Amino acid sequence: MPAESPSPVWFTRCADYGAAASALDRLLAESGLLAADAVRGKRVLVKPNLLTDRTPDEAVTTHPDVLRPVLRHLKAAGADVSVGDSPASTANLRSVLSKSGLGAVCEEEGVPFVPFERAGVQNFTEGGFSFSLAKSVVEANLVVNIPKVKSHSLTKLTAAVKNLYGAVPGYSKTTLHRLYPKPAVFGRLLKAIWKVLPPSVSIADGIVGMEGQGPANGRPIRLGFLAASADPFALDGALCRTLHIRPDSVPYLKDEASARAPDIRGDAIDVPSFATPLGAHLLALVPAWFARLAAGLLWVRPAFDAARCVTCGQCVRACPAQALALEGRAIPQLNKKTCIGCACCHEVCPKGAIRMKPSAILRLSHAFKDLK
Ligand code: SF4
Ligand code: SF4
């Protein structure tokens, strides 16, 4: 069960991936996280971000030079280690493992990779939500969560909390997006999922992160740190401080005390400029009276760039609302009535041809309020 008391968040400066192993050693030594006594003989499931098939330089997936020292540390401490994840619904796992470099690290370190889709599921009802999680995650004694620090078109930030959503296998992820499209409700779903997971330690790969149109089509940005905590909400709240993002503008952090007032320790890190998209999180910030008044005029939908689109159809297959069709056209055609603004299409597009675009009235409401 999750810890009751707030956990500190530790930061360690790390200029580049060549120094990741020594930075990780320092981070774990100073924080006391993943101490040998705590992990020896335990079943430990390591969960990187394996969103889709991109190279480490593109900053979409967890960098292999962060995964490797984590695995070495756990093995040396006597843990029974495996690595697992469930990439985006349309991604080819073999290609994801190969391009990201994470498959090679597992092989070199002799650590098995467990695809969540093939691991079986356990069903849960929590906080009014029903969902299934991969058995290999829920049956672990400890989850070591290694997110990439990125901007996100639906939730503004994606890091420790959102990476745990990957415990939902395959297409179930898009089904949950369809069932709970509102960012605020989706945020509560993330909390419910975390509540039923085993204890976790999150280590954020913030050496190079992603800004702009994240989580798959933004720009790599050198952030220069690793950060760790036993509380993923506190870690993401601390990242908000570091990146100058208001925690209440991130739907899943809005009501989290540990995110709003994180106990930050270690190196002092400050990233003065980190671009986030004007995305669906804006919907959660609009006052209820305005949302009622402007119903139907507040939305965030995909916009397609014909010059980039290669008509691969990945977005069409990923859409949980069947709101996209290609049918011989140069770009996907959007059914505005059925689109739920979930950004699944944007996440899977391999060519960066989709931007999530807020309606004019939503952009206007943003202009009147500082929602950074
Ligand atoms: S078109 Fe894109 S944003 Fe709209 S429902 Fe489909 S996947 Fe979600
Ligand atoms: S928008 Fe992207 S994912 Fe969709 S068909 Fe074009 S290239 Fe493929």
# chains A, B, ... in the order shown; residues from 1 in each chain; ligands from 1
$ residues_around --residues "Ala234 (chain A)" --least-positions-apart "4" --cutoff "10 Å" --atoms "only C-alpha atoms" --output "JSON, numbers by chain"
{"A": [6, 7, 8, 9, 160, 161, 228, 229, 230, 238, 239, 240, 253, 256, 257, 258, 259, 260, 261, 262, 263, 264]}
$ write_last_selection --atoms "C-alpha atoms" --output "tab-separated table (two decimals), in the first residue's frame"
chain	number	residue	atom	x	y	z
A	6	PRO	CA	4.98	12.56	2.62
A	7	SER	CA	8.23	11.34	1.06
A	8	PRO	CA	11.08	13.67	0.16
A	9	VAL	CA	12.13	14.21	-3.44
A	160	ALA	CA	6.26	9.58	-12.52
A	161	VAL	CA	2.46	9.38	-12.08
A	228	ALA	CA	13.84	10.25	-7.17
A	229	SER	CA	11.12	9.68	-4.59
A	230	ALA	CA	8.94	6.98	-3.08
A	238	ALA	CA	8.81	18.84	-7.38
A	239	LEU	CA	9.31	18.71	-11.16
A	240	CYS	CA	6.64	21.40	-11.49
A	253	LEU	CA	-1.70	16.92	-9.27
A	256	GLU	CA	-2.45	16.36	-4.13
A	257	ALA	CA	-0.96	17.91	-1.00
A	258	SER	CA	2.41	16.18	-1.54
A	259	ALA	CA	2.60	17.67	-5.05
A	260	ARG	CA	1.69	21.17	-3.96
A	261	ALA	CA	4.27	21.31	-1.16
A	262	PRO	CA	6.99	18.77	-1.98
A	263	ASP	CA	9.90	18.28	0.40
A	264	ILE	CA	12.80	18.86	-2.03
$ closest_atom_pairs --of "chain A" --to "ligand 2" --cutoff "10 Å" --atoms "only C-alpha atoms and all ligand atoms" --output "CSV"
residue,atom,partner,partner_atom_place_in_ligand_line,distance
A:Thr90,CA,ligand 2,3 (S),9.7
A:Pro302,CA,ligand 2,1 (S),9.2
A:Ala303,CA,ligand 2,1 (S),8.7
A:Phe304,CA,ligand 2,1 (S),6.0
A:Asp305,CA,ligand 2,1 (S),7.2
A:Ala306,CA,ligand 2,6 (Fe),7.7
A:Ala307,CA,ligand 2,6 (Fe),9.4
A:Arg308,CA,ligand 2,7 (S),6.6
A:Cys309,CA,ligand 2,6 (Fe),3.7
A:Val310,CA,ligand 2,7 (S),4.4
A:Thr311,CA,ligand 2,5 (S),3.7
A:Cys312,CA,ligand 2,8 (Fe),3.9
A:Gly313,CA,ligand 2,5 (S),4.0
A:Gln314,CA,ligand 2,3 (S),4.4
A:Cys315,CA,ligand 2,3 (S),4.2
A:Val316,CA,ligand 2,4 (Fe),6.4
A:Arg317,CA,ligand 2,3 (S),8.8
A:Ala318,CA,ligand 2,3 (S),8.7
A:Leu324,CA,ligand 2,4 (Fe),8.8
A:Ala325,CA,ligand 2,5 (S),9.1
A:Leu326,CA,ligand 2,5 (S),7.4
A:Arg329,CA,ligand 2,5 (S),9.7
A:Ala330,CA,ligand 2,6 (Fe),8.3
A:Ile331,CA,ligand 2,6 (Fe),5.9
A:Pro332,CA,ligand 2,5 (S),6.0
A:Gln333,CA,ligand 2,1 (S),9.6
A:Cys344,CA,ligand 2,3 (S),10.0
A:Cys345,CA,ligand 2,3 (S),6.6
A:His346,CA,ligand 2,3 (S),7.5
A:Glu347,CA,ligand 2,3 (S),8.7
A:Val348,CA,ligand 2,3 (S),6.2
A:Cys349,CA,ligand 2,3 (S),3.6
A:Pro350,CA,ligand 2,2 (Fe),5.9
A:Lys351,CA,ligand 2,7 (S),5.2
A:Gly352,CA,ligand 2,2 (Fe),6.5
A:Ala353,CA,ligand 2,1 (S),4.9
A:Ile354,CA,ligand 2,1 (S),5.6
A:Arg355,CA,ligand 2,1 (S),9.3
$ write_last_selection --atoms "C-alpha atoms" --output "mmCIF file, in the first residue's frame"
data_model
loop_
_atom_site.group_PDB
_atom_site.id
_atom_site.type_symbol
_atom_site.label_atom_id
_atom_site.label_comp_id
_atom_site.auth_asym_id
_atom_site.auth_seq_id
_atom_site.Cartn_x
_atom_site.Cartn_y
_atom_site.Cartn_z
ATOM 1 C CA THR A 90 -0.249 0.796 -32.323
ATOM 2 C CA PRO A 302 -6.228 17.290 -33.381
ATOM 3 C CA ALA A 303 -5.113 19.389 -36.347
ATOM 4 C CA PHE A 304 -3.239 17.636 -39.148
ATOM 5 C CA ASP A 305 -0.192 18.820 -41.091
ATOM 6 C CA ALA A 306 -0.553 17.539 -44.653
ATOM 7 C CA ALA A 307 3.118 18.209 -45.416
ATOM 8 C CA ARG A 308 4.205 15.770 -42.700
ATOM 9 C CA CYS A 309 1.487 13.114 -42.868
ATOM 10 C CA VAL A 310 2.529 9.884 -44.601
ATOM 11 C CA THR A 311 -0.974 8.335 -44.307
ATOM 12 C CA CYS A 312 0.322 5.452 -42.183
ATOM 13 C CA GLY A 313 -3.039 5.157 -40.414
ATOM 14 C CA GLN A 314 -1.549 4.744 -36.924
ATOM 15 C CA CYS A 315 -3.687 7.590 -35.563
ATOM 16 C CA VAL A 316 -6.824 6.031 -37.051
ATOM 17 C CA ARG A 317 -6.098 2.714 -35.360
ATOM 18 C CA ALA A 318 -5.215 4.359 -32.033
ATOM 19 C CA LEU A 324 -10.710 9.367 -37.609
ATOM 20 C CA ALA A 325 -10.825 7.927 -41.115
ATOM 21 C CA LEU A 326 -8.363 7.969 -44.010
ATOM 22 C CA ARG A 329 -7.506 11.016 -48.375
ATOM 23 C CA ALA A 330 -4.208 12.928 -48.033
ATOM 24 C CA ILE A 331 -4.708 13.421 -44.279
ATOM 25 C CA PRO A 332 -7.019 11.765 -41.730
ATOM 26 C CA GLN A 333 -10.541 13.159 -41.615
ATOM 27 C CA CYS A 344 -4.032 9.277 -28.369
ATOM 28 C CA CYS A 345 -3.655 10.090 -32.085
ATOM 29 C CA HIS A 346 -1.110 12.804 -31.329
ATOM 30 C CA GLU A 347 0.875 10.405 -29.115
ATOM 31 C CA VAL A 348 1.262 7.722 -31.754
ATOM 32 C CA CYS A 349 1.910 9.809 -34.885
ATOM 33 C CA PRO A 350 5.450 8.890 -35.992
ATOM 34 C CA LYS A 351 5.883 12.043 -38.097
ATOM 35 C CA GLY A 352 4.801 14.811 -35.740
ATOM 36 C CA ALA A 353 1.911 15.584 -38.104
ATOM 37 C CA ILE A 354 -0.704 16.105 -35.359
ATOM 38 C CA ARG A 355 -1.010 19.064 -32.992
#
$ closest_residue --among "A:Gly206, A:Pro215, A:Pro358, A:Pro320" --to "Trp299 (chain A)" --atoms "only C-alpha atoms"
A:Pro358
$ residues_around --residues "Thr12 (chain A)" --least-positions-apart "3" --cutoff "8 Å" --atoms "only C-alpha atoms" --output "number ranges by chain"
A: 23-24, 26-27, 225-227, 266-267
$ residues_around --residues "Ala119 (chain A)" --least-positions-apart "5" --cutoff "12 Å" --atoms "only C-alpha atoms" --output "PyMOL selection string"
chain A and resi 84-86+113-114+132-139+167-170
$ residues_around --residues "Ile221 (chain A)" --least-positions-apart "2" --cutoff "9 Å" --atoms "only C-alpha atoms" --output "ChimeraX atom specification"
/A:59,207-211,219,223,274
$ write_last_selection --atoms "C-alpha atoms" --output "PDB file, in the first residue's frame"
ATOM      1  CA  ALA A  59      13.867  11.941 -25.812  1.00  0.00           C
ATOM      2  CA  ILE A 207      19.008  14.546 -18.052  1.00  0.00           C
ATOM      3  CA  VAL A 208      17.443  15.342 -21.418  1.00  0.00           C
ATOM      4  CA  GLY A 209      13.663  15.779 -21.362  1.00  0.00           C
ATOM      5  CA  MET A 210      11.074  16.868 -23.904  1.00  0.00           C
ATOM      6  CA  GLU A 211       9.313  20.229 -24.160  1.00  0.00           C
ATOM      7  CA  ARG A 219      11.768  19.039 -28.755  1.00  0.00           C
ATOM      8  CA  LEU A 223      17.424  19.597 -18.126  1.00  0.00           C
ATOM      9  CA  PHE A 274      10.294  24.709 -20.324  1.00  0.00           C
TER      10      PHE A 274
END
